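Shown here: work.cif, mmCIF, C-alpha atoms.
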```
data_start
#
loop_
_atom_site.label_atom_id
_atom_site.label_comp_id
_atom_site.auth_asym_id
_atom_site.auth_seq_id
_atom_site.Cartn_x
_atom_site.Cartn_y
_atom_site.Cartn_z
CA MET A 1 0.00 0.00 0.00
CA GLU A 2 1.32 3.43 -0.85
CA SER A 3 2.11 5.58 2.16
CA ALA A 4 0.10 8.78 2.69
CA ILE A 5 3.28 10.35 4.11
CA GLN A 6 5.18 12.53 1.69
CA PRO A 7 8.67 14.02 1.98
CA ASN A 8 7.01 17.38 1.36
CA CYS A 9 4.75 18.47 4.25
CA LEU A 10 2.49 20.46 1.91
CA GLU A 11 1.61 17.28 0.04
CA CYS A 12 1.08 15.11 3.14
CA ALA A 13 -2.55 13.93 3.29
CA LEU A 14 -2.33 13.30 7.05
CA ARG A 15 -1.29 16.74 8.17
CA PHE A 16 -4.82 17.96 8.98
CA ASP A 17 -5.17 15.27 11.68
CA ARG A 18 -1.94 16.19 13.45
CA VAL A 19 -1.58 18.92 16.05
CA PHE A 20 1.76 20.26 14.94
CA CYS A 21 1.49 19.68 11.19
CA ASP A 22 -1.88 21.37 10.66
CA LEU A 23 -0.29 24.73 9.81
CA PRO A 24 -1.03 27.37 7.17
CA ALA A 25 0.58 26.70 3.77
CA ASN A 26 3.21 29.47 4.08
CA VAL A 27 4.33 28.15 7.49
CA LEU A 28 4.51 24.57 6.19
CA ALA A 29 6.56 25.78 3.24
CA ALA A 30 8.98 27.38 5.72
CA LEU A 31 9.09 24.12 7.70
CA ASP A 32 9.82 22.18 4.51
CA HIS A 33 12.73 24.50 3.94
CA VAL A 34 14.42 23.80 7.30
CA LYS A 35 13.62 20.12 7.84
CA SER A 36 15.33 16.95 6.62
CA THR A 37 13.25 13.83 6.11
CA ILE A 38 14.78 10.56 7.23
CA VAL A 39 13.43 7.03 6.83
CA CYS A 40 14.56 4.95 9.81
CA PRO A 41 14.35 1.23 10.52
CA ARG A 42 12.82 -0.19 13.68
CA ASN A 43 15.00 0.11 16.81
CA THR A 44 16.69 3.30 15.59
CA VAL A 45 17.62 5.47 18.57
CA LEU A 46 16.77 9.06 17.62
CA PHE A 47 18.44 10.50 20.74
CA ARG A 48 19.69 9.31 24.08
CA GLU A 49 19.13 10.57 27.58
CA GLY A 50 21.99 12.86 28.59
CA GLN A 51 22.89 13.72 24.98
CA ALA A 52 22.98 17.41 24.03
CA ALA A 53 19.89 18.37 22.04
CA ARG A 54 20.74 18.77 18.35
CA GLY A 55 17.21 19.37 17.21
CA VAL A 56 13.64 18.16 17.20
CA PHE A 57 12.12 15.14 15.44
CA VAL A 58 8.62 15.20 13.97
CA LEU A 59 7.40 11.62 13.99
CA CYS A 60 5.71 11.27 10.57
CA GLU A 61 5.17 7.52 10.60
CA GLY A 62 5.63 4.74 13.15
CA ARG A 63 5.80 4.74 16.93
CA ALA A 64 8.61 5.63 19.32
CA LYS A 65 9.29 4.57 22.89
CA LEU A 66 10.34 7.30 25.32
CA SER A 67 12.16 5.97 28.35
CA VAL A 68 14.45 6.94 31.21
CA CYS A 69 17.27 4.82 32.54
CA SER A 70 19.03 4.51 35.90
CA GLU A 71 22.81 4.27 36.32
CA SER A 72 22.38 0.55 36.94
CA GLY A 73 20.66 0.14 33.57
CA LYS A 74 17.11 -0.22 34.88
CA ARG A 75 14.72 1.28 32.33
CA LEU A 76 11.30 2.87 32.73
CA THR A 77 9.02 3.62 29.76
CA LEU A 78 7.32 6.98 30.05
CA HIS A 79 5.28 7.09 26.90
CA ILE A 80 4.76 5.51 23.49
CA ALA A 81 4.73 8.37 21.00
CA VAL A 82 2.58 8.03 17.89
CA ALA A 83 2.75 9.65 14.46
CA GLY A 84 2.31 13.42 14.62
CA GLU A 85 4.17 13.92 17.90
CA LEU A 86 7.30 16.02 18.27
CA LEU A 87 10.20 14.31 20.00
CA GLY A 88 13.01 16.06 21.84
CA LEU A 89 11.10 19.34 21.94
CA SER A 90 11.71 20.35 25.56
CA ALA A 91 15.46 19.74 25.39
CA ALA A 92 15.73 21.53 22.03
CA LEU A 93 13.87 24.57 23.33
CA SER A 94 15.65 24.82 26.64
CA GLY A 95 19.05 23.98 25.15
CA THR A 96 19.68 21.24 27.70
CA HIS A 97 20.44 17.55 27.47
CA HIS A 98 17.70 15.12 26.53
CA GLU A 99 15.89 13.85 29.61
CA VAL A 100 14.64 10.74 27.83
CA THR A 101 15.75 8.21 25.20
CA ALA A 102 13.65 7.92 22.04
CA GLU A 103 13.73 4.64 20.15
CA LEU A 104 11.59 3.70 17.14
CA LEU A 105 9.35 0.70 17.71
CA ASP A 106 8.44 0.37 14.01
CA ASP A 107 10.03 1.23 10.70
CA GLY A 108 9.23 4.91 10.44
CA GLN A 109 9.79 8.31 8.93
CA VAL A 110 10.90 11.36 10.86
CA ALA A 111 11.48 14.97 9.90
CA MET A 112 14.41 16.49 11.72
CA VAL A 113 14.81 20.23 12.36
CA LYS A 114 18.09 21.48 13.81
CA ARG A 115 17.82 23.40 17.08
CA LYS A 116 18.97 26.76 15.75
CA GLU A 117 16.61 26.55 12.80
CA LEU A 118 13.75 25.45 15.04
CA LEU A 119 14.19 28.45 17.32
CA ASN A 120 14.23 30.85 14.35
CA PHE A 121 11.24 29.11 12.81
CA LEU A 122 9.19 29.39 16.02
CA ARG A 123 10.12 33.04 16.51
CA GLU A 124 9.08 33.85 12.94
CA HIS A 125 5.87 31.81 12.88
CA ARG A 126 3.50 32.43 15.77
CA GLU A 127 1.05 29.71 14.64
CA ALA A 128 3.79 27.09 14.88
CA CYS A 129 4.82 28.41 18.28
CA LEU A 130 1.22 28.13 19.50
CA HIS A 131 1.09 24.53 18.27
CA VAL A 132 4.34 23.81 20.10
CA VAL A 133 2.92 25.29 23.31
CA ALA A 134 -0.15 23.03 22.94
CA LEU A 135 2.04 19.98 22.34
CA LEU A 136 4.29 20.75 25.29
CA SER A 137 1.21 21.10 27.51
CA GLN A 138 0.07 17.64 26.38
CA ASP A 139 3.55 16.22 27.00
CA LEU A 140 3.53 17.72 30.47
CA HIS A 141 0.16 16.15 31.29
CA VAL A 142 1.58 12.77 30.21
CA ALA A 143 4.71 13.32 32.32
CA TYR A 144 2.64 14.27 35.41
CA ASP A 145 0.50 11.16 34.93
CA CYS A 146 3.71 9.17 34.90
CA VAL A 147 4.94 10.88 38.08
CA ARG A 148 1.59 10.08 39.71
CA SER A 149 1.77 6.49 38.58
CA VAL A 150 5.34 5.81 39.81
CA GLY A 151 5.21 8.08 42.86
CA LEU A 152 1.80 7.23 44.20
CA GLY A 153 1.10 3.99 42.39
CA ARG A 154 -2.47 5.05 41.82
CA SER A 155 -4.66 6.73 39.30
CA ARG A 156 -5.69 10.37 39.32
CA ARG A 157 -7.60 11.80 42.24
CA PRO A 158 -11.28 12.43 41.35
CA ARG A 159 -11.92 15.85 39.85
CA ALA A 160 -12.86 18.65 42.19
CA VAL A 161 -16.51 19.56 41.87
CA SER A 162 -17.20 23.23 41.26
CA ALA A 163 -19.83 24.86 43.45
CA MET B 1 8.59 51.03 51.75
CA ARG B 2 8.35 51.24 55.51
CA ARG B 3 7.13 48.17 57.35
CA ARG B 4 4.45 48.68 59.93
CA GLY B 5 3.42 46.02 62.44
CA ILE B 6 3.93 42.32 61.86
CA GLY B 7 1.81 41.44 58.88
CA PHE B 8 1.48 44.66 56.93
CA ALA B 9 3.66 47.04 54.96
CA VAL B 10 2.90 50.44 53.47
CA TRP B 11 2.04 50.04 49.79
CA ARG B 12 2.16 53.06 47.51
CA PRO B 13 -0.01 52.44 44.47
CA SER B 14 0.37 54.37 41.21
CA ASN B 15 -2.26 56.96 42.19
CA GLY B 16 0.21 58.32 44.75
CA GLY B 17 -1.69 57.32 47.88
CA SER B 18 -0.41 54.79 50.37
CA VAL B 19 -2.28 51.83 51.77
CA LEU B 20 -1.35 48.90 53.96
CA SER B 21 -0.25 45.88 51.95
CA PRO B 22 -0.93 42.53 53.56
CA TYR B 23 1.47 39.91 54.97
CA GLY B 24 4.51 42.21 55.09
CA LEU B 25 5.02 41.98 51.33
CA ASP B 26 6.50 44.77 49.24
CA ILE B 27 3.89 44.60 46.51
CA VAL B 28 5.19 45.38 43.03
CA GLU B 29 2.13 46.83 41.41
CA SER B 30 3.38 47.20 37.85
CA CYS B 31 5.44 44.67 35.87
CA LEU B 32 6.87 47.59 33.90
CA THR B 33 8.65 48.94 36.98
CA CYS B 34 9.61 45.55 38.48
CA LYS B 35 13.37 45.38 38.96
CA MET B 36 13.41 41.59 38.94
CA ARG B 37 11.84 41.04 35.53
CA SER B 38 15.09 40.87 33.53
CA ASP B 39 16.14 37.82 35.60
CA ARG B 40 12.92 35.92 35.04
CA ILE B 41 12.15 33.84 31.95
CA PHE B 42 8.52 34.77 31.49
CA CYS B 43 8.65 38.37 32.74
CA ASP B 44 11.49 39.56 30.51
CA LEU B 45 9.15 40.60 27.71
CA PRO B 46 9.29 43.54 25.29
CA THR B 47 7.60 46.69 26.64
CA ALA B 48 4.57 46.41 24.33
CA ALA B 49 3.89 42.83 25.45
CA LEU B 50 4.34 43.80 29.10
CA GLN B 51 1.84 46.63 28.67
CA SER B 52 -0.69 44.16 27.25
CA PHE B 53 0.02 41.85 30.17
CA GLU B 54 -0.49 44.70 32.63
CA ALA B 55 -4.00 45.22 31.26
CA ILE B 56 -5.12 41.62 31.92
CA LYS B 57 -3.35 40.70 35.16
CA TYR B 58 -4.62 40.96 38.73
CA ALA B 59 -1.90 41.52 41.35
CA THR B 60 -2.85 39.61 44.50
CA ALA B 61 -1.21 38.90 47.85
CA TYR B 62 -1.71 35.58 49.61
CA PRO B 63 -0.79 34.48 53.12
CA LYS B 64 1.23 31.35 53.84
CA GLY B 65 -0.90 28.22 53.42
CA ALA B 66 -3.25 29.58 50.73
CA VAL B 67 -4.30 27.17 47.99
CA LEU B 68 -4.04 28.76 44.53
CA PHE B 69 -5.58 25.82 42.70
CA VAL B 70 -6.42 22.20 43.34
CA GLU B 71 -5.56 19.12 41.29
CA GLY B 72 -8.58 18.12 39.19
CA GLN B 73 -10.11 21.61 39.19
CA ALA B 74 -11.08 23.15 35.84
CA PRO B 75 -8.42 25.69 34.80
CA ARG B 76 -9.34 29.29 35.62
CA GLY B 77 -6.07 30.81 34.49
CA ILE B 78 -2.37 31.19 35.19
CA PHE B 79 -0.60 32.44 38.30
CA VAL B 80 2.72 34.24 37.85
CA LEU B 81 4.63 33.88 41.11
CA CYS B 82 6.23 37.27 41.83
CA LYS B 83 7.31 36.78 45.46
CA GLY B 84 7.40 33.89 47.88
CA ARG B 85 7.41 30.14 47.25
CA VAL B 86 4.68 27.69 46.34
CA LYS B 87 4.49 23.96 47.01
CA LEU B 88 3.34 21.88 44.02
CA SER B 89 1.95 18.47 44.90
CA ILE B 90 -0.17 15.60 43.66
CA CYS B 91 -2.43 13.49 45.83
CA ALA B 92 -3.74 9.93 45.76
CA THR B 93 -7.30 8.96 46.65
CA ASP B 94 -6.09 7.66 50.03
CA GLY B 95 -4.67 11.10 50.86
CA LYS B 96 -1.02 10.19 50.25
CA THR B 97 0.71 13.31 48.95
CA LEU B 98 3.76 13.69 46.75
CA ILE B 99 5.49 17.08 46.54
CA LEU B 100 6.84 17.54 43.07
CA ARG B 101 8.64 20.80 43.47
CA ILE B 102 8.86 24.06 45.32
CA ALA B 103 8.16 26.82 42.80
CA GLU B 104 10.31 29.95 43.03
CA PRO B 105 9.54 33.55 41.98
CA GLY B 106 9.32 34.00 38.22
CA GLU B 107 7.52 30.74 37.58
CA VAL B 108 4.15 30.57 35.85
CA LEU B 109 1.85 28.12 37.61
CA GLY B 110 -1.12 26.31 36.05
CA LEU B 111 0.32 26.83 32.59
CA SER B 112 -0.25 23.46 30.89
CA ALA B 113 -3.82 23.16 32.18
CA THR B 114 -4.65 26.72 31.10
CA VAL B 115 -3.25 26.12 27.61
CA SER B 116 -4.79 22.68 27.10
CA GLY B 117 -8.09 23.32 28.90
CA LYS B 118 -7.60 20.10 30.89
CA PRO B 119 -7.97 20.11 34.71
CA TYR B 120 -5.05 21.34 36.82
CA GLU B 121 -2.61 18.45 37.24
CA LEU B 122 -1.23 19.66 40.57
CA THR B 123 -2.23 21.42 43.74
CA ALA B 124 -0.43 24.72 44.39
CA GLU B 125 -0.17 25.94 47.99
CA THR B 126 1.84 28.92 49.22
CA ILE B 127 4.52 28.17 51.81
CA ASP B 128 5.43 31.84 52.31
CA PRO B 129 3.36 35.01 51.99
CA CYS B 130 3.26 35.44 48.20
CA GLN B 131 2.56 38.03 45.56
CA VAL B 132 0.90 36.45 42.56
CA ASN B 133 -0.26 37.94 39.27
CA PHE B 134 -3.36 36.09 38.12
CA VAL B 135 -4.54 36.10 34.49
CA LYS B 136 -7.86 34.61 33.40
CA ARG B 137 -7.66 31.74 30.90
CA GLU B 138 -9.44 33.49 28.00
CA ASP B 139 -7.34 36.63 28.45
CA PHE B 140 -4.13 34.61 28.61
CA LEU B 141 -4.88 32.60 25.46
CA ARG B 142 -5.67 35.83 23.60
CA PHE B 143 -2.45 37.37 24.95
CA LEU B 144 -0.42 34.40 23.63
CA LYS B 145 -2.01 34.65 20.20
CA ASP B 146 -1.18 38.34 19.99
CA ASN B 147 2.37 38.23 21.43
CA SER B 148 4.80 35.85 19.76
CA GLU B 149 7.60 36.61 22.24
CA ALA B 150 5.35 35.68 25.17
CA CYS B 151 4.32 32.52 23.33
CA PHE B 152 7.98 31.58 22.90
CA LYS B 153 8.68 32.17 26.59
CA VAL B 154 5.72 30.02 27.56
CA ALA B 155 7.16 27.23 25.38
CA GLU B 156 10.48 27.63 27.24
CA GLN B 157 8.76 27.44 30.63
CA LEU B 158 6.78 24.36 29.61
CA SER B 159 10.01 22.73 28.39
CA GLU B 160 11.64 23.35 31.74
CA LYS B 161 8.64 21.92 33.57
CA TYR B 162 8.68 18.85 31.32
CA ASN B 163 12.38 18.31 32.01
CA ASN B 164 11.70 18.58 35.75
CA ALA B 165 8.84 16.09 35.53
CA CYS B 166 11.07 13.56 33.71
CA HIS B 167 13.72 14.09 36.36
CA GLU B 168 11.10 13.39 39.02
CA VAL B 169 9.96 10.20 37.27
CA ARG B 170 13.56 8.99 37.10
CA SER B 171 14.16 9.80 40.73
CA LEU B 172 10.97 8.15 41.98
CA GLY B 173 10.80 5.25 39.59
CA LEU B 174 14.41 4.20 39.31
CA SER B 175 15.97 4.96 42.69
CA HIS B 176 16.48 1.88 44.80
CA SER B 177 16.05 3.20 48.30
CA ALA B 178 14.83 6.13 50.37
CA SER B 179 18.44 6.89 51.42
CA GLU B 180 19.45 7.23 47.75
CA LYS B 181 16.55 9.61 47.08
CA LEU B 182 17.29 11.71 50.17
CA ALA B 183 20.99 11.96 49.27
CA LYS B 184 20.07 13.04 45.72
CA LEU B 185 17.64 15.64 47.06
CA LEU B 186 20.20 17.15 49.44
CA LEU B 187 22.83 17.32 46.69
CA GLU B 188 20.32 18.90 44.31
CA TRP B 189 19.37 21.56 46.87
CA SER B 190 22.99 22.37 47.57
CA SER B 191 23.70 22.75 43.85
CA LYS B 192 20.75 25.15 43.45
CA ASN B 193 22.15 27.42 46.14
CA GLY B 194 25.50 27.58 44.36
CA GLU B 195 27.08 25.78 47.31
CA ALA B 196 28.00 22.64 45.38
CA VAL B 197 31.56 23.79 44.66
CA LYS B 198 32.32 24.28 48.33
CA GLN B 199 34.03 21.65 50.42
CA GLU B 200 31.20 21.67 52.96
CA PRO B 201 28.04 22.96 51.24
CA ARG B 202 25.33 24.51 53.41
CA LEU B 203 21.65 24.50 52.74
CA LYS B 204 18.65 25.96 54.47
CA LEU B 205 16.08 23.29 55.32
CA ALA B 206 12.84 25.14 54.64
CA LEU B 207 10.71 21.99 54.72
CA THR B 208 9.64 19.73 57.56
CA HIS B 209 10.57 16.03 57.67
CA GLU B 210 6.97 15.30 56.68
CA GLU B 211 7.30 17.50 53.58
CA ILE B 212 10.70 16.04 52.67
CA ALA B 213 9.11 12.58 52.96
CA GLN B 214 6.41 13.74 50.53
CA MET B 215 9.10 14.89 48.10
CA ILE B 216 10.83 11.51 47.93
CA GLY B 217 7.77 9.29 48.32
CA THR B 218 8.51 7.83 51.75
CA SER B 219 7.28 8.21 55.33
CA ARG B 220 8.14 10.94 57.85
CA GLU B 221 9.58 8.29 60.19
CA THR B 222 11.99 7.08 57.48
CA VAL B 223 13.22 10.63 56.82
CA THR B 224 13.80 11.24 60.55
CA ARG B 225 15.68 7.94 60.83
CA LEU B 226 17.79 8.70 57.74
CA PHE B 227 18.73 12.16 59.04
CA ALA B 228 19.69 10.66 62.42
CA ASP B 229 21.86 8.12 60.60
CA LEU B 230 23.51 10.80 58.41
CA LYS B 231 24.30 12.87 61.52
CA LYS B 232 25.63 9.85 63.42
CA ARG B 233 27.96 9.02 60.50
CA GLN B 234 28.97 12.71 60.40
CA ILE B 235 27.91 13.03 56.77
CA VAL B 236 25.71 16.01 57.65
CA GLN B 237 25.49 18.35 60.61
CA ALA B 238 22.46 20.40 61.62
CA LYS B 239 22.92 23.97 62.84
CA GLY B 240 19.41 25.22 63.54
CA SER B 241 17.57 25.10 60.24
CA THR B 242 20.86 25.04 58.30
CA LEU B 243 22.24 21.72 57.19
CA VAL B 244 25.98 21.41 56.55
CA ILE B 245 27.12 18.59 54.28
CA ARG B 246 30.31 17.50 56.04
CA ASN B 247 31.14 14.55 53.80
CA LYS B 248 30.12 15.28 50.23
CA VAL B 249 31.87 12.19 48.85
CA ALA B 250 29.92 9.86 51.16
CA LEU B 251 26.64 11.59 50.24
CA LYS B 252 27.44 11.24 46.53
CA THR B 253 28.20 7.55 47.05
CA MET B 254 24.83 7.15 48.77
CA ALA B 255 23.14 8.97 45.87
CA SER B 256 24.60 6.59 43.32
CA ASN B 257 24.45 3.34 45.28
CA GLY B 258 21.55 3.75 47.65
#
```

Take the structure in this file and express it as structure tokens.
Amino acid sequence: MESAIQPNCLECALRFDRVFCDLPANVLAALDHVKSTIVCPRNTVLFREGQAARGVFVLCEGRAKLSVCSESGKRLTLHIAVAGELLGLSAALSGTHHEVTAELLDDGQVAMVKRKELLNFLREHREACLHVVALLSQDLHVAYDCVRSVGLGRSRRPRAVSA
Amino acid sequence: MRRRGIGFAVWRPSNGGSVLSPYGLDIVESCLTCKMRSDRIFCDLPTAALQSFEAIKYATAYPKGAVLFVEGQAPRGIFVLCKGRVKLSICATDGKTLILRIAEPGEVLGLSATVSGKPYELTAETIDPCQVNFVKREDFLRFLKDNSEACFKVAEQLSEKYNNACHEVRSLGLSHSASEKLAKLLLEWSSKNGEAVKQEPRLKLALTHEEIAQMIGTSRETVTRLFADLKKRQIVQAKGSTLVIRNKVALKTMASNG
């Protein structure tokens, strides 16, 4: 079956369903200009925990496992990222080391944007920056759920009822 | 500003009059005249953006122990912490509490919930008298759409919070013992104070044993026992509320081996 993913974001049929990719045509054209598309086999490690952030990876196709590791080698999976998610975003934005390791679980396609180009792109395109803020908020909710799960070993407290 | 009494200070608002400000806080009424803003990620905005922010924010003072928002509550807006510290925690149905972090001035609280529209993930409670600038959700979202620099700074703050959350997961999920977690926490606090380079770093213990236990996911009794053990082995020494790390190497060994 022919993939709906295209090397060119403007021609990608799936972009309307994805939080980050659903951008105006001029912004997508700018993204196309700064990104490199890479086809990766299963088990490819996109970045490792502790590694300096080189850029951000848009997961076009496939799934990726995000995990943290202890010094003794014990590993904990935080999240399984699906197509449309941005990987390595927080480290790329803050200019720190990656806090997690990202490894592809399937054969996939990613679009990589170098850190410097990402920062310029976000400063120049407010819509993209707003999408990034929305994605980071989602990532943070997932991370807090994970903290709750490992720290308290229970599910979320029931919602507060407004008066 | 001249302090008067225990809990109040004289506050001179922009209209020239002076009123009593609560809880002994020197209230900074306008972000435009705040001397601290250049040191703070979110507040260091261009003048035009700050003026827009001024129009939508409500400067409020809270006493110690005030709850800004509760986990599970629908998001009302963001809280920019100007002065004081705030405890951020999550809670299980059985009442067990885990303190994630102590927020410092300059942080924006309730950010991810306000942006996503999902319930607040944490409970935020002041541990000092605090000045907080509150912005309603609708106003804040409009402000972000109109100010790209503010939007970028929000992305930076969210990134930092995400990194902290991952760090917390690693610490809670992959540490072997309570002693390892406590050693890591003490080393982390000493590095934040810029004391890490010193032979015998000092840190101010602003939290109770109960609260420290809630930070590392253990019981108050375990924390008390661990501190007694650290003191007995002369790894740390308590001088009032100040803790001196006497044997940094031993504490680092504990942090890596448990």

Requested in this report: Convert the output of the PyMOL selection byres ((chain B) within 9 of (chain A)) on the shown file into explicit residues, formatted as number ranges by chain.
Outcome: B: 70-74, 90-94, 96-98, 100, 111-116, 118-119, 121-122, 144-149, 151-152, 154-175, 216-217, 256

Residues just named, written with C-alpha atoms as an mmCIF file, keeping the file's coordinate frame:
```cif
data_model
loop_
_atom_site.group_PDB
_atom_site.id
_atom_site.type_symbol
_atom_site.label_atom_id
_atom_site.label_comp_id
_atom_site.auth_asym_id
_atom_site.auth_seq_id
_atom_site.Cartn_x
_atom_site.Cartn_y
_atom_site.Cartn_z
ATOM 1 C CA VAL B 70 -6.420 22.200 43.340
ATOM 2 C CA GLU B 71 -5.560 19.120 41.290
ATOM 3 C CA GLY B 72 -8.580 18.120 39.190
ATOM 4 C CA GLN B 73 -10.110 21.610 39.190
ATOM 5 C CA ALA B 74 -11.080 23.150 35.840
ATOM 6 C CA ILE B 90 -0.170 15.600 43.660
ATOM 7 C CA CYS B 91 -2.430 13.490 45.830
ATOM 8 C CA ALA B 92 -3.740 9.930 45.760
ATOM 9 C CA THR B 93 -7.300 8.960 46.650
ATOM 10 C CA ASP B 94 -6.090 7.660 50.030
ATOM 11 C CA LYS B 96 -1.020 10.190 50.250
ATOM 12 C CA THR B 97 0.710 13.310 48.950
ATOM 13 C CA LEU B 98 3.760 13.690 46.750
ATOM 14 C CA LEU B 100 6.840 17.540 43.070
ATOM 15 C CA LEU B 111 0.320 26.830 32.590
ATOM 16 C CA SER B 112 -0.250 23.460 30.890
ATOM 17 C CA ALA B 113 -3.820 23.160 32.180
ATOM 18 C CA THR B 114 -4.650 26.720 31.100
ATOM 19 C CA VAL B 115 -3.250 26.120 27.610
ATOM 20 C CA SER B 116 -4.790 22.680 27.100
ATOM 21 C CA LYS B 118 -7.600 20.100 30.890
ATOM 22 C CA PRO B 119 -7.970 20.110 34.710
ATOM 23 C CA GLU B 121 -2.610 18.450 37.240
ATOM 24 C CA LEU B 122 -1.230 19.660 40.570
ATOM 25 C CA LEU B 144 -0.420 34.400 23.630
ATOM 26 C CA LYS B 145 -2.010 34.650 20.200
ATOM 27 C CA ASP B 146 -1.180 38.340 19.990
ATOM 28 C CA ASN B 147 2.370 38.230 21.430
ATOM 29 C CA SER B 148 4.800 35.850 19.760
ATOM 30 C CA GLU B 149 7.600 36.610 22.240
ATOM 31 C CA CYS B 151 4.320 32.520 23.330
ATOM 32 C CA PHE B 152 7.980 31.580 22.900
ATOM 33 C CA VAL B 154 5.720 30.020 27.560
ATOM 34 C CA ALA B 155 7.160 27.230 25.380
ATOM 35 C CA GLU B 156 10.480 27.630 27.240
ATOM 36 C CA GLN B 157 8.760 27.440 30.630
ATOM 37 C CA LEU B 158 6.780 24.360 29.610
ATOM 38 C CA SER B 159 10.010 22.730 28.390
ATOM 39 C CA GLU B 160 11.640 23.350 31.740
ATOM 40 C CA LYS B 161 8.640 21.920 33.570
ATOM 41 C CA TYR B 162 8.680 18.850 31.320
ATOM 42 C CA ASN B 163 12.380 18.310 32.010
ATOM 43 C CA ASN B 164 11.700 18.580 35.750
ATOM 44 C CA ALA B 165 8.840 16.090 35.530
ATOM 45 C CA CYS B 166 11.070 13.560 33.710
ATOM 46 C CA HIS B 167 13.720 14.090 36.360
ATOM 47 C CA GLU B 168 11.100 13.390 39.020
ATOM 48 C CA VAL B 169 9.960 10.200 37.270
ATOM 49 C CA ARG B 170 13.560 8.990 37.100
ATOM 50 C CA SER B 171 14.160 9.800 40.730
ATOM 51 C CA LEU B 172 10.970 8.150 41.980
ATOM 52 C CA GLY B 173 10.800 5.250 39.590
ATOM 53 C CA LEU B 174 14.410 4.200 39.310
ATOM 54 C CA SER B 175 15.970 4.960 42.690
ATOM 55 C CA ILE B 216 10.830 11.510 47.930
ATOM 56 C CA GLY B 217 7.770 9.290 48.320
ATOM 57 C CA SER B 256 24.600 6.590 43.320
#
```

Query raised in the report: If you apply the PyMOL selection byres ((chain A and resi 109) around 6) to this file, what residues do you get, as a ChimeraX atom specification?
Result: /A:38-40,60-61,108,110

Query - Nearby residues (all atoms listed in the file) at most 10 Å from Arg76 (chain B), same-chain spacing under 3 positions excluded, as a ChimeraX atom specification - result: /B:69,73,79,110,113-114,117,119-120,134-138

Output file for the selection above: C-alpha atoms, as a CSV table (one decimal), in the frame of the given file:
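Result file is result.csv:
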```
chain,number,residue,atom,x,y,z
B,69,PHE,CA,-5.6,25.8,42.7
B,73,GLN,CA,-10.1,21.6,39.2
B,79,PHE,CA,-0.6,32.4,38.3
B,110,GLY,CA,-1.1,26.3,36.0
B,113,ALA,CA,-3.8,23.2,32.2
B,114,THR,CA,-4.6,26.7,31.1
B,117,GLY,CA,-8.1,23.3,28.9
B,119,PRO,CA,-8.0,20.1,34.7
B,120,TYR,CA,-5.0,21.3,36.8
B,134,PHE,CA,-3.4,36.1,38.1
B,135,VAL,CA,-4.5,36.1,34.5
B,136,LYS,CA,-7.9,34.6,33.4
B,137,ARG,CA,-7.7,31.7,30.9
B,138,GLU,CA,-9.4,33.5,28.0
```

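Distance-wise, CA of Ala13 (chain A) and CA of Leu46 (chain A) end up 24.5 Å apart.
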
Requested in this report: Would you kindly translate the PyMOL selection byres ((chain A and resi 111) around 12) into the concrete residues it picks from this file, as a PyMOL selection string?
Outcome: chain A and resi 5-9+21+31-40+46+55-61+83-87+108-110+112-114+118

Requested in this report: Work out how far CA of Leu205 (chain B) is from CA of Gln131 (chain B), in Å to one decimal.
Outcome: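 These atoms are spaced 22.3 Å apart.
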
Taking the partial coordinates given, rebuild region 149-158 of chain B to contain N, CA and C atoms; return it as a JSON list (two decimals), in the frame of the given file.
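So the final result, stored in out27.json, reads:
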```json
[["chain", "number", "residue", "atom", "x", "y", "z"],
["B", 149, "GLU", "N", 6.49, 36.74, 21.29],
["B", 149, "GLU", "CA", 7.60, 36.61, 22.24],
["B", 149, "GLU", "C", 7.12, 35.93, 23.53],
["B", 150, "ALA", "N", 5.93, 36.30, 23.97],
["B", 150, "ALA", "CA", 5.35, 35.68, 25.17],
["B", 150, "ALA", "C", 5.08, 34.20, 24.91],
["B", 151, "CYS", "N", 4.61, 33.90, 23.71],
["B", 151, "CYS", "CA", 4.32, 32.52, 23.33],
["B", 151, "CYS", "C", 5.61, 31.68, 23.38],
["B", 152, "PHE", "N", 6.69, 32.26, 22.90],
["B", 152, "PHE", "CA", 7.98, 31.58, 22.90],
["B", 152, "PHE", "C", 8.45, 31.33, 24.34],
["B", 153, "LYS", "N", 8.25, 32.31, 25.19],
["B", 153, "LYS", "CA", 8.68, 32.17, 26.59],
["B", 153, "LYS", "C", 7.84, 31.12, 27.33],
["B", 154, "VAL", "N", 6.58, 31.05, 26.97],
["B", 154, "VAL", "CA", 5.72, 30.02, 27.56],
["B", 154, "VAL", "C", 6.22, 28.64, 27.13],
["B", 155, "ALA", "N", 6.61, 28.51, 25.86],
["B", 155, "ALA", "CA", 7.16, 27.23, 25.38],
["B", 155, "ALA", "C", 8.43, 26.88, 26.17],
["B", 156, "GLU", "N", 9.26, 27.87, 26.46],
["B", 156, "GLU", "CA", 10.48, 27.63, 27.24],
["B", 156, "GLU", "C", 10.14, 27.16, 28.65],
["B", 157, "GLN", "N", 9.16, 27.82, 29.27],
["B", 157, "GLN", "CA", 8.76, 27.44, 30.63],
["B", 157, "GLN", "C", 8.19, 26.03, 30.66],
["B", 158, "LEU", "N", 7.37, 25.71, 29.66],
["B", 158, "LEU", "CA", 6.78, 24.36, 29.61],
["B", 158, "LEU", "C", 7.87, 23.31, 29.42]]
```
